[in-house]
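Since the structure comes first, as structure tokens, the remarks are kept for the end.
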Amino acid sequence: MKKIINDPNQAVQDMVNGFVAAYPDKVTLIPETLAVVRKDAPITGKVGLVSGGGSGHEPAHAGYIGKGMLDVAVAGEVFTSPTPDQVLEGIKAVDAGEGVFLVIKNYTGDVLNFEMAAELAEAEGIQVEKVIVNDDVAVEDSSFTTGRRGIAGTVFVHKIAGAKAEAGGSLSEVKQVADKVVANVRSMGMALTSGTVPAAGKPGFQLEDNEMEIGIGIHGEPGIERKPIASADTIAQELTDRILDDIDISNGNEVAVLINGLGATPEMELYIVNQKVQAILRDRGIEVYRTYIGEYMTSLEMAGCSITVLHLDDELKPLLDAPSEAPAFRR
Amino acid sequence: MKKIINDPNQAVQDMVNGFVAAYPDKVTLIPETLAVVRKDAPITGKVGLVSGGGSGHEPAHAGYIGKGMLDVAVAGEVFTSPTPDQVLEGIKAVDAGEGVFLVIKNYTGDVLNFEMAAELAEAEGIQVEKVIVNDDVAVEDSSFTTGRRGIAGTVFVHKIAGAKAEAGGSLSEVKQVADKVVANVRSMGMALTSGTVPAAGKPGFQLEDNEMEIGIGIHGEPGIERKPIASADTIAQELTDRILDDIDISNGNEVAVLINGLGATPEMELYIVNQKVQAILRDRGIEVYRTYIGEYMTSLEMAGCSITVLHLDDELKPLLDAPSEAPAFRR
Amino acid sequence: MELDVLKTVEWMEQTNEKMQAKKDELTTLDQPIGDGDHGINMARGFQEVVNKLNDTEYNEVSAVLKDVAMTLMSKVGGASGPLYGTAFLKISTAVKGAGTVERDLFAKALTEAVNGIKQRGKATEGEKTMIDMWSPISEAFQQASDFRPEDMMEAAQAALESVKELEATKGRAAYFKEKSVGHLDPGAVSTFYLFEALADVWKGDN
Amino acid sequence: MELDVLKTVEWMEQTNEKMQAKKDELTTLDQPIGDGDHGINMARGFQEVVNKLNDTEYNEVSAVLKDVAMTLMSKVGGASGPLYGTAFLKISTAVKGAGTVERDLFAKALTEAVNGIKQRGKATEGEKTMIDMWSPISEAFQQASDFRPEDMMEAAQAALESVKELEATKGRAAYFKEKSVGHLDPGAVSTFYLFEALADVWKGDN
Ligand SMILES: Nc1ncnc2c1ncn2[C@@H]1O[C@H](COP(=O)(O)OP(=O)(O)O)[C@@H](O)[C@H]1O
Ligand SMILES: Nc1ncnc2c1ncn2[C@@H]1O[C@H](COP(=O)(O)OP(=O)(O)O)[C@@H](O)[C@H]1O
Ligand SMILES: [Mg+2]
Ligand SMILES: [Mg+2]
Ligand SMILES: [Mg+2]
Ligand SMILES: [Mg+2]
């Protein structure tokens with residue numbers, strides 16, 4: 001294991017400290033937690049937006065904190081959902097009386113811990129709503145879920161629900177638009193190598209020099225097929241086809257595209273993938289309204305990428321384009 | 001070599017096409033070149049800003065194109081400076097009669113090719129000025145330079161010179177402020193692994209599992225010392241000390257900090273490094289005005305990071321904070 | 001079987017020792033069909049449990065187990081934290097008021113624990129999870145009235161064998177449906193160690 | 001030595017064949033003390049040179065060499081592109097007007113080439129660059145009037161030996177100052193192949 005860390009067991013704490021130290025005017029740490037919160041929270045009149053999950057997906061989730069996106073991000077240990085008490089602290093820190101909205105990726109651990117936190121918050125009189133993101137078309141049920149996994153499409157949920165909340169949307173309006181994003185977003189990923197959990201010290205899985213894994217998740221969990229490395233065009237075709245087979249987007253529709261790096265893949269390769277994705281969409285008469293390329297939802301130092309397509313409409317477009325001060329998604 | 005590419009010899013062309021396809025409203029490709037240019041260039045009344053260099057440093061350089069930063073980025077083959085004729089096309093595309101400013105990193109290849117382009121442009125009656133960025137304190141002379149190398153500090157030159165040009169600064173004013181940035185910016189990097197040039201097919205160098213290399217450049221060229229991997233804190237201390245030994249920044253001064261990932265290092269580790277860098281600066285009474293963390297100037301899939309410190313003053317601060325629409329440096 | 005406060009604390013201490021010793025094994029088991037953190041999670045969680053128990057005075061077994069539950073819930077995270085937490089919370093509630101917990105009561109408590117895990121995780125037997133260890137052990141407890149630690153471990157051992165042969169259907173990546181056969185489930189194995197620790201403490205009874 | 005248009009084109013064709021064959025070797029040489037692209041750069045550049053020459057009719061050696069220069073300049077990039085380009089541009093200028101280039105004229109042209117490289121790259125002999133191949137070959141040309149291809153290759157071979165022993169001082173990372181000893185400079189080696197190709201063509205004269 002080659003990592004720039006101190007104590008592997010302190011990596012998440014050190015990271016969270018380092019994050020807060022980078023933006024001391026904007027965010028702070030809730031004492032005795034790994035929850036990073038907007039300094040101006042709770043914000044009067046605004047629904048609080050909470051996300052989080054295991055660490056190792058940076059810039060998710062703290063990078064999406066800021067005016068126009070999240071109010072708080074609760075970090076767990078690497079690939080391990082945060083505990084209910086920490087999520088509860090996050091919820092309490094951002095509740096301004098308008099209720100709090102939770103963005104949860106569909107993994108058993110995340111769902112269990114966030115739902116328990118929601119129950120505890122409700123018991124304290126806080127109104128809580130949630131959305132469970134399940135954009136990964138690779139597997140219907142995975143190592144960690146009943147139903148699909150939540151992966152990079154979560155970023156669009158943060159952005160759009162965040163814009164809605166910032167614009168003064170009510171808790172049920174925020175939920176409605178978040179549900180709409182989840183209904184209209186699909187993703188799929190692939191990997192060339194796997195990452196190493198610092199405290200584990202060895203990679204999650206091993207691929208041969210000529211192998212890739214298709215349908216990978218973001219925790220180093222296995223995908224659906226292991227096969228010889230194909231060209232960027234072939235990979236882009238396979239992932240995009242699987243996504244478009246799964247969702248009704250037709251000629252003349254508009255979409256947002258996210259080509260997401262999983263941690264160790266150079267941006268050069270993401271652009272190469274994008275070239276093909278755009279060609280496929282163009283051939284189908286689908287109009288690309290916005291394209292995002294970079295590392296948005298990673299899996300430690302996994303080499304690989306995921307493709308996300310979000311079907312847009314006139315409600316979603318302005319929310320996607322609304323201002324955001326989150327360091328990892330500035331608009 | 002595990003890469004998501006098509007033909008290794010077409011990787012740069014494919015990348016540039018994929019980049020332009022991502023932002024078709026904003027940028028276009030100059031025909032028969034690898035130069036990406038703002039769609040609205042040349043911009044009346046504005047000095048044109050040109051950067052570029054070998055590929056493999058993404059998001060540099062095309063990611064810094066946009067209102068408030070660069071007008072054109074000329075890409076060479078991987079780690080190979082673009083040729084003078086391509087740079088010349090870039091210069092011609094952005095000259096609006098106010099002159100053109102070149103940002104060059106101090107590598108023999110970049111300097112030779114950009115200077116030849118400048119001579120050709122001047123022969124065509126275009127006013128050209130330039131700055132040679134040499135922020136790397138690791139080596140006085142390197143494999144590729146006489147004098148210091150130019151690395152991640154270049155991003156601050158793009159940002160500040162870009163803001164000056166956007167604000168209507170004259171060619172000599174742009175040069176003056178760019179020179180000031182170069183005089184006040186220092187960087188140093190380290191690596192855990194090296195990247196692989198696609199057409200070469202094997203890594204630039206090999207480190208043992210317990211080794212790191214200090215003082216690395218951004219082309220896989222060797223650093224100044226190879227030694228056992230140290231903790232993040234030790235690494236941060238060594239790099240920051242070397243930087244601060246080299247430049248007079250004292251108690252009460254303000255700086256901008258950039259913790260830059262070299263391609264394969266998870267953002268988690270960059271935050272861990274930042275924790276220590278901020279502590280060191282705080283201990284010295286140096287005030288951090290802005291911190292940037294992420295991949296700004298990479299070296300393919302090299303694992304490692306660099307630290308950059310820019311000494312700010314009242315002229316540089318507003319330029320750093322001025323709006324930018326570049327996809328890789330939004331403000 | 002006579003679980004009093006002291007023995008309950010001892011059970012947790014021995015469990016912790018096992019989790020520390022088996023940390024790498026459990027993590028390795030979690031890599032091929034999971035995300036490679038189960039040993040880390042268990043080692044962190046039970047260390048915190050022991051820290052908590054050593055810092056506190058208890059009058060009742062139920063109170064010990066409640067702190068075990070709350071500590072696991074608040075220190076583990078992931079899927080296993082809430083699931084183990086729920087199991088211990090159910091046991092704690094079931095044994096409330098008892099000075100020492102006898103076999104019958106413990107058997108009843110285990111039924112509650114199994115139901116709690118199933119409900120929380122929306123899963124059932126045969127899906128290659130920790131349920132496939134908790135459930136057969138619980139069933140074994142219900143049957144024989146002269147149930148001894150050796151019998152428990154026999155049931156646990158048998159469960160270990162069968163969990164290996166299970167095909168992960170619902171809870172696993174499609175890719176691993178068949179490939180999961182032959183792999184142990186990490187949560188089932190950590191549960192095995194939990195009961196192995198109980199057996200050790202229990203044997204001390206006699 | 002009698003370099004006419006045909007022979008000059010042949011020289012470039014043979015050079016290209018060598019660069020293609022030695023592509024990996026040159027790249028590997030560029031890895032330990034450079035950035036691992038020299039073979040790629042040379043192979044790309046001389047392939048383009050040959051494409052260009054095959055597409056064009058020439059009346060003069062100078063015109064061939066000018067196209068070589070311009071092609072290398074516009075297709076190679078990096079440090080070697082402008083340096084090789086400058087060298088050929090200087091040679092082209094020096095032989096302008098000559099129908100065939102004889103040894104004396106070529107020797108004069110080489111001096112110009114060496115000066116051109118030095119000026120462009122702000123470097124000089126002994127810094128472990130291509131100059132340490134161009135310069136000794138050029139010098140050898142100046143001295144003997146009955147200079148033959150075998151003599152040129154002897155000088156080139158000797159230069160290869162000495163360049164290996166040079167310590168990269170100015171142009172190299174501090175770290176490699178001593179470590180560079182024993183390594184060949186990739187640009188010096190590609191220059192060696194350039195003149196080896198010339199020797200082959202030249203030998204055909206006799
Ligand atoms: N829905 C579920 N019901 C019961 N047990 C489950 C369920 N999901 C996961 N588990 C158990 O949890 C174990 C994994 O725990 P752990 O690795 O600590 O958490 P995570 O899965 O969040 O990484 C699995 O081996 C399995 O035994
Ligand atoms: N300043 C210089 N003067 C002369 N030759 C140089 C100089 N800098 C580099 N070279 C030559 O160029 C070669 C490297 O070329 P190449 O790898 O193609 O370009 P780059 O160095 O830009 O990657 C070196 O081996 C050396 O011979
Ligand atoms: Mg986990
Ligand atoms: Mg190069
Ligand atoms: Mg796990
Ligand atoms: Mg080179």
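In the structure tokens, chains take letters A, B, ... by order of appearance, with residues numbered from 1 within each chain and ligands from 1 in the order shown.
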
Task: Contacts of ligand 3, 10 Å or closer, only C-alpha atoms and all ligand atoms, given as JSON, numbers by chain - done: {"A": [53, 54, 55, 76, 77, 78, 79, 80, 81, 82, 107, 108, 109, 110, 144, 219, 220, 221], "C": [30, 34, 35, 36, 37, 38, 40, 41, 76, 77, 78, 79, 80]}

Open item on the list: as number ranges by chain, could you give me every residue of chain B near chain D (at most 10 Å apart, counting only C-alpha atoms)?
Closed with: B: 9, 53-54, 76-86, 107-113, 116, 138-148, 196-206, 214-226

TODO: Please report, as a PyMOL selection string, each residue of chain D to which DSSP assigns strand (DSSP E or B) when run on this structure's backbone.
DONE: chain D and resi 2-3+101-102

Using N, CA, C and O atoms, can you export the residues from the last selection as a short mmCIF file (atom, residue, chain, number, x, y, z; two decimals), in the first residue's frame?
```
data_model
loop_
_atom_site.label_atom_id
_atom_site.label_comp_id
_atom_site.auth_asym_id
_atom_site.auth_seq_id
_atom_site.Cartn_x
_atom_site.Cartn_y
_atom_site.Cartn_z
N GLU D 2 29.49 12.52 -51.97
CA GLU D 2 28.78 13.32 -52.97
C GLU D 2 27.29 13.23 -52.73
O GLU D 2 26.63 12.29 -53.19
N LEU D 3 26.78 14.20 -52.01
CA LEU D 3 25.37 14.17 -51.64
C LEU D 3 24.54 14.93 -52.68
O LEU D 3 24.56 16.15 -52.72
N VAL D 101 26.67 18.01 -52.85
CA VAL D 101 27.40 18.51 -51.68
C VAL D 101 28.63 17.63 -51.46
O VAL D 101 28.51 16.43 -51.22
N GLU D 102 29.79 18.26 -51.57
CA GLU D 102 31.05 17.52 -51.34
C GLU D 102 31.45 17.62 -49.87
O GLU D 102 30.88 18.40 -49.11
#
```

Open item on the list: Rounded to one decimal, what separation in Å do you get between atom CA of Ser92 of chain D and atom CA of Leu105 of chain D?
Closed with: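 Pair atom CA of Ser92 of chain D / atom CA of Leu105 of chain D returns 11.1 Å.
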
Could I get the residues of segment 94-206 of chain A with an atom no further than 10 Å from an atom of segment 324-329 of chain A, each paired with its nearest atom pair and that distance in Å to one decimal, using only C-alpha atoms, sorted by chain and residue number, as a Markdown table?
```
| residue | atom | partner | partner_atom | distance |
| --- | --- | --- | --- | --- |
| A:Val155 | CA | A:Phe329 | CA | 8.9 |
| A:His158 | CA | A:Phe329 | CA | 9.9 |
| A:Lys159 | CA | A:Ser324 | CA | 7.9 |
| A:Gly162 | CA | A:Ser324 | CA | 8.6 |
| A:Ala163 | CA | A:Ser324 | CA | 7.8 |
| A:Glu166 | CA | A:Ser324 | CA | 9.5 |
```

Task: For atom CA of Val273 of chain A and atom CA of Gly252 of chain A, the interatomic separation in Å (one decimal) - done: 22.5 Å

- [ ] Write down as a PyMOL selection string the residues belonging to segment 98-150 of chain C that are assigned helix (DSSP H, G or I) by DSSP computed on the backbone.
- [x] chain C and resi 103-121+131-143+149-150

- [ ] Up to 7 Å from chain B, what residues of chain A turn up? Count only C-alpha atoms and give them as an MDAnalysis selection string.
- [x] chainID A and resid 2 4:6 14:15 17:19 21:22 56 58:59 192 209 231:233 263:269 271:272 274:275 278 291 300:301 330

Open item on the list: Applying 10 Å and only C-alpha atoms, which residues near Glu60 of chain D remain after dropping the ones on its own chain fewer than 3 positions away? List them as an NGL selection string.
Closed with: :D and (4-6 or 8 or 57 or 63-65 or 92 or 95-101)

Task: segment 147-152 of chain C environment, 7 Å, only C-alpha atoms, sequence neighbours closer than 3 positions dropped, as number ranges by chain - done: C: 137, 140-141, 144, 155-156, 199, 202-203

Open item on the list: Report as a ChimeraX atom specification all protein, DNA and RNA residues lying within 7 Å of segment 32-46 of chain B, evaluated on only C-alpha atoms, omitting residues in the same chain fewer than 4 positions from it.
Closed with: /B:13,16,26-28,62,65-66,71-75,86,90,93-96,98,165-166,168

- [ ] Please provide as JSON, numbers by chain all residues within 9 Å of Ser190 of chain C, with the sequence filter that same-chain residues fewer than 2 positions apart are discarded (counting only C-alpha atoms).
- [x] {"C": [18, 19, 22, 26, 38, 39, 42, 130, 185, 186, 187, 188, 192, 193, 194, 195]}

Deliver the residues from the most recent selection as a file, using C-alpha atoms, as a PDB file, in the first residue's frame.
```pdb
ATOM      1  CA  LYS C  18     -11.246 -12.663  18.991  1.00  0.00           C
ATOM      2  CA  MET C  19     -12.234  -9.740  16.774  1.00  0.00           C
ATOM      3  CA  LYS C  22      -9.374 -12.151  13.465  1.00  0.00           C
ATOM      4  CA  LEU C  26     -12.598 -10.915   8.457  1.00  0.00           C
ATOM      5  CA  HIS C  38     -15.709  -5.960   8.054  1.00  0.00           C
ATOM      6  CA  GLY C  39     -12.740  -6.880  10.252  1.00  0.00           C
ATOM      7  CA  MET C  42     -15.699  -5.331  14.139  1.00  0.00           C
ATOM      8  CA  MET C 130     -25.024 -13.066   9.265  1.00  0.00           C
ATOM      9  CA  ASP C 185     -19.817 -14.487   4.508  1.00  0.00           C
ATOM     10  CA  PRO C 186     -17.786 -12.185   6.768  1.00  0.00           C
ATOM     11  CA  GLY C 187     -20.762 -11.253   8.968  1.00  0.00           C
ATOM     12  CA  ALA C 188     -21.585 -14.924   9.497  1.00  0.00           C
ATOM     13  CA  PHE C 192     -19.426 -17.365  14.772  1.00  0.00           C
ATOM     14  CA  TYR C 193     -16.652 -15.773  16.846  1.00  0.00           C
ATOM     15  CA  LEU C 194     -19.192 -13.965  18.996  1.00  0.00           C
ATOM     16  CA  PHE C 195     -20.760 -17.283  19.945  1.00  0.00           C
TER      17      PHE C 195
END
```

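Residue nearest ligand 1, chosen from C:Lys128, C:Pro136, C:Ala43, C:Gln143 and counting only C-alpha atoms and all ligand atoms: C:Lys128.
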
- [ ] Would you kindly return, as a ChimeraX atom specification, each protein, DNA or RNA residue with an atom no farther than 12 Å from any atom of Asn251 of chain A, considering only C-alpha atoms and excluding same-chain residues fewer than 4 positions away?
- [x] /A:244,255,280-288,311
